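Dropping protein-v7.cif in here (mmCIF, C-alpha atoms):
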data_entry
#
loop_
_atom_site.label_atom_id
_atom_site.label_comp_id
_atom_site.auth_asym_id
_atom_site.auth_seq_id
_atom_site.Cartn_x
_atom_site.Cartn_y
_atom_site.Cartn_z
CA MET A 8 -15.67 -5.26 -5.35
CA THR A 9 -15.56 -4.08 -8.94
CA ALA A 10 -15.79 -0.48 -7.75
CA SER A 11 -12.94 -0.86 -5.24
CA HIS A 12 -10.60 -2.85 -7.49
CA VAL A 13 -8.81 0.23 -8.88
CA SER A 14 -8.30 1.70 -5.41
CA LEU A 15 -7.05 -1.62 -4.04
CA LEU A 16 -4.70 -2.02 -6.99
CA ARG A 17 -3.23 1.45 -6.48
CA THR A 18 -2.70 0.79 -2.79
CA ALA A 19 -1.09 -2.58 -3.51
CA ARG A 20 1.11 -0.98 -6.18
CA LEU A 21 2.36 1.57 -3.66
CA LEU A 22 2.95 -1.13 -1.06
CA THR A 23 4.80 -3.54 -3.36
CA GLY A 24 6.43 -1.18 -5.83
CA ASP A 25 5.61 -3.61 -8.64
CA PRO A 26 2.41 -3.63 -10.72
CA HIS A 27 2.48 -7.38 -11.31
CA THR A 28 2.97 -8.26 -7.67
CA ALA A 29 0.26 -5.74 -6.82
CA GLU A 30 -2.16 -7.53 -9.16
CA ASP A 31 -1.35 -10.86 -7.50
CA LEU A 32 -1.84 -9.30 -4.08
CA VAL A 33 -5.23 -7.79 -4.98
CA GLN A 34 -6.44 -10.99 -6.65
CA THR A 35 -5.51 -13.02 -3.59
CA ALA A 36 -7.22 -10.48 -1.31
CA LEU A 37 -10.38 -10.51 -3.43
CA ILE A 38 -10.43 -14.30 -3.30
CA ARG A 39 -10.33 -14.02 0.50
CA VAL A 40 -13.20 -11.54 0.46
CA TYR A 41 -15.20 -13.81 -1.83
CA THR A 42 -14.65 -16.91 0.30
CA HIS A 43 -15.72 -15.02 3.42
CA TRP A 44 -18.65 -13.28 1.75
CA GLY A 45 -21.21 -15.41 3.65
CA ARG A 46 -20.05 -13.75 6.86
CA SER A 47 -20.39 -10.30 5.33
CA ALA A 48 -23.61 -9.40 7.17
CA GLY A 49 -21.52 -8.21 10.13
CA TRP A 50 -19.10 -6.14 8.05
CA ASP A 51 -19.34 -2.38 8.29
CA SER A 52 -17.64 -2.05 4.92
CA PRO A 53 -16.61 -4.82 2.51
CA GLN A 54 -14.12 -2.36 0.98
CA ALA A 55 -12.44 -1.87 4.34
CA TYR A 56 -12.28 -5.65 4.76
CA ALA A 57 -10.70 -5.97 1.29
CA ARG A 58 -8.17 -3.22 2.09
CA LYS A 59 -7.29 -4.97 5.34
CA ALA A 60 -6.84 -8.23 3.40
CA VAL A 61 -4.45 -6.47 0.99
CA VAL A 62 -2.41 -5.00 3.86
CA ASN A 63 -2.32 -8.30 5.77
CA LEU A 64 -1.23 -10.19 2.67
CA PHE A 65 1.46 -7.60 2.06
CA ALA A 66 2.65 -7.98 5.65
CA THR A 67 3.01 -11.75 5.21
CA TRP A 68 4.22 -11.87 1.61
CA ARG A 69 7.69 -13.14 2.58
CA ARG A 70 6.06 -16.48 3.21
CA ARG A 71 4.55 -16.50 -0.26
CA ARG A 72 6.28 -18.04 -3.23
CA TRP A 73 5.90 -14.97 -5.43
CA HIS A 74 8.00 -12.91 -3.02
CA SER A 75 11.16 -14.29 -4.62
CA GLU A 76 10.27 -12.84 -8.01
CA VAL A 77 12.29 -9.78 -9.00
CA ALA A 78 10.38 -6.57 -9.64
CA HIS A 79 10.88 -4.79 -12.95
CA THR A 80 12.44 -1.38 -12.31
CA GLY A 81 11.53 0.17 -15.67
CA ALA A 82 9.38 3.26 -15.93
CA GLU A 83 5.67 2.57 -15.77
CA SER A 84 3.32 4.92 -17.61
CA ALA A 85 -0.02 5.99 -16.23
CA ALA A 86 -2.96 4.23 -17.84
CA ASP A 87 -4.56 7.49 -19.01
CA GLY A 88 -1.27 9.28 -19.77
CA HIS A 89 -1.86 11.82 -16.97
CA ASP A 90 1.02 12.18 -14.54
CA MET A 91 -0.52 12.38 -11.06
CA ALA A 92 2.72 13.32 -9.26
CA GLY A 93 3.83 16.22 -11.42
CA SER A 94 6.67 15.05 -13.59
CA ALA A 95 7.37 11.45 -14.46
CA GLU A 96 10.85 11.78 -13.01
CA ALA A 97 9.50 12.97 -9.65
CA ARG A 98 6.99 10.12 -9.60
CA LEU A 99 9.70 7.56 -10.32
CA GLU A 100 12.00 9.05 -7.68
CA LEU A 101 9.20 8.92 -5.10
CA GLY A 102 8.44 5.31 -6.11
CA ARG A 103 12.09 4.31 -5.69
CA ALA A 104 12.24 6.03 -2.30
CA LEU A 105 9.05 4.25 -1.17
CA ALA A 106 10.46 0.92 -2.35
CA ALA A 107 13.59 1.53 -0.27
CA LEU A 108 11.58 1.91 2.94
CA PRO A 109 11.19 -1.08 5.24
CA ARG A 110 7.86 -2.85 4.75
CA ALA A 111 6.25 -1.59 7.96
CA GLN A 112 7.21 2.03 7.25
CA ARG A 113 6.02 1.78 3.65
CA ALA A 114 2.67 0.37 4.78
CA VAL A 115 2.20 3.22 7.26
CA VAL A 116 3.07 5.90 4.67
CA VAL A 117 0.72 4.41 2.07
CA LEU A 118 -2.15 4.04 4.52
CA ARG A 119 -1.70 7.46 6.12
CA TYR A 120 -0.96 9.59 3.07
CA TYR A 121 -2.40 7.70 0.11
CA GLU A 122 -5.43 6.08 1.74
CA ASP A 123 -5.80 9.17 3.99
CA LEU A 124 -6.44 7.11 7.11
CA SER A 125 -6.06 8.56 10.60
CA VAL A 126 -3.40 7.36 13.02
CA GLU A 127 -6.04 5.34 14.88
CA GLN A 128 -7.46 3.76 11.71
CA THR A 129 -3.97 2.87 10.51
CA ALA A 130 -3.10 1.35 13.90
CA GLU A 131 -6.27 -0.73 13.88
CA LEU A 132 -5.65 -1.92 10.32
CA LEU A 133 -2.04 -2.88 11.05
CA GLY A 134 -2.78 -4.30 14.49
CA CYS A 135 -0.39 -2.03 16.37
CA SER A 136 -0.61 0.94 18.72
CA PRO A 137 -1.10 4.54 17.56
CA GLY A 138 2.32 5.34 19.01
CA THR A 139 3.88 2.73 16.75
CA VAL A 140 2.14 4.27 13.74
CA LYS A 141 3.46 7.71 14.71
CA SER A 142 7.03 6.54 15.20
CA ARG A 143 7.03 4.53 11.94
CA THR A 144 5.59 7.51 10.10
CA ASN A 145 8.22 9.81 11.57
CA ARG A 146 11.07 7.46 10.64
CA ALA A 147 9.67 6.88 7.14
CA LEU A 148 9.24 10.59 6.42
CA GLU A 149 12.75 11.27 7.69
CA ARG A 150 14.14 8.61 5.35
CA LEU A 151 12.15 10.04 2.45
CA ARG A 152 13.42 13.55 3.24
CA THR A 153 17.00 12.30 3.49
CA ALA A 154 16.63 10.58 0.12
CA GLY A 155 15.34 13.86 -1.34
CA ALA A 156 12.09 12.21 -2.42
CA LEU A 157 9.92 14.82 -0.69
CA ALA A 158 11.67 17.89 -2.10
CA GLY A 159 8.87 18.67 -4.53
CA TYR A 160 6.19 18.10 -1.92
CA ALA A 161 7.42 20.47 0.80
CA GLY A 162 4.68 23.05 0.25
CA ARG A 163 1.88 20.50 0.51
CA GLY A 164 2.29 19.96 4.26
CA ALA A 165 2.50 16.78 6.30
CA ARG A 166 0.07 15.32 8.81
#
Would you mind writing the file's structure down as structure tokens?
Amino acid sequence: MTASHVSLLRTARLLTGDPHTAEDLVQTALIRVYTHWGRSAGWDSPQAYARKAVVNLFATWRRRRWHSEVAHTGAESAADGHDMAGSAEARLELGRALAALPRAQRAVVVLRYYEDLSVEQTAELLGCSPGTVKSRTNRALERLRTAGALAGYAGRGAR
């Protein structure tokens, strides 16, 4: 789990829009993985199980006490100082646009485009049909385009 912690934390950060909530989400997911570790012989991938735990916790976070905490909207700097999304302003704009998406659409966008999962893998992880994944993706990308958050990414193509 040490190797997958950074990946899980990035995914949770994209889902929640808040680094502190993301840390709570990942810690809770890793506790779930740890408590179910005895059943791990049947797992194809413990990392996939941990990712599914993060997504499921995110989907049910409204029932959690820490949902009522207010996220800090200040600029977050990358740990190594390297800006992965081009300019810091573009990264912040994309983060704000992702945060404005409904939870289900945000989860689909993060899983499809950040985690690079297929429609079928995303549907299985979220427990919905591939058609639902496609329609949520379409609606989410349209909202992101309308918000202007994808302007700098037009040449990169969409799946």
Please evaluate the PyMOL selection byres ((chain A and resi 106) around 12) against the displayed coordinates and give the resulting residues as an MDAnalysis selection string.
chainID A and resid 20:25 78 80 99:105 107:114 116:117 147 150:151 154 156
Could you list the residues chosen by the PyMOL selection byres ((chain A and resi 122) around 12) in this structure as an MDAnalysis selection string?
chainID A and resid 14:19 21:22 55 58:59 62 114:121 123:126 128:129 132
Saved selection, atoms kept: C-alpha atoms, as a compact mmCIF listing (two decimals), in the coordinates of the input:
# COMPACT_ATOMS: atom_id res chain seq x y z
CA SER A 14 -8.30 1.70 -5.41
CA LEU A 15 -7.05 -1.62 -4.04
CA LEU A 16 -4.70 -2.02 -6.99
CA ARG A 17 -3.23 1.45 -6.48
CA THR A 18 -2.70 0.79 -2.79
CA ALA A 19 -1.09 -2.58 -3.51
CA LEU A 21 2.36 1.57 -3.66
CA LEU A 22 2.95 -1.13 -1.06
CA ALA A 55 -12.44 -1.87 4.34
CA ARG A 58 -8.17 -3.22 2.09
CA LYS A 59 -7.29 -4.97 5.34
CA VAL A 62 -2.41 -5.00 3.86
CA ALA A 114 2.67 0.37 4.78
CA VAL A 115 2.20 3.22 7.26
CA VAL A 116 3.07 5.90 4.67
CA VAL A 117 0.72 4.41 2.07
CA LEU A 118 -2.15 4.04 4.52
CA ARG A 119 -1.70 7.46 6.12
CA TYR A 120 -0.96 9.59 3.07
CA TYR A 121 -2.40 7.70 0.11
CA ASP A 123 -5.80 9.17 3.99
CA LEU A 124 -6.44 7.11 7.11
CA SER A 125 -6.06 8.56 10.60
CA VAL A 126 -3.40 7.36 13.02
CA GLN A 128 -7.46 3.76 11.71
CA THR A 129 -3.97 2.87 10.51
CA LEU A 132 -5.65 -1.92 10.32
So which residues get picked by the PyMOL selection byres ((chain A and resi 56) around 10) here, written as a PyMOL selection string?
chain A and resi 36-37+39-40+47+50-55+57-62+132
Go through A:Ala97, A:Gly138, A:Gln34, A:Val13 and flag the residue nearest Gly155 of chain A, using all atoms listed in the file for the distances.
A:Ala97
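Computed from the coordinates, the atom CA of Arg152 of chain A to atom CA of Val140 of chain A distance equals 18.0 Å.
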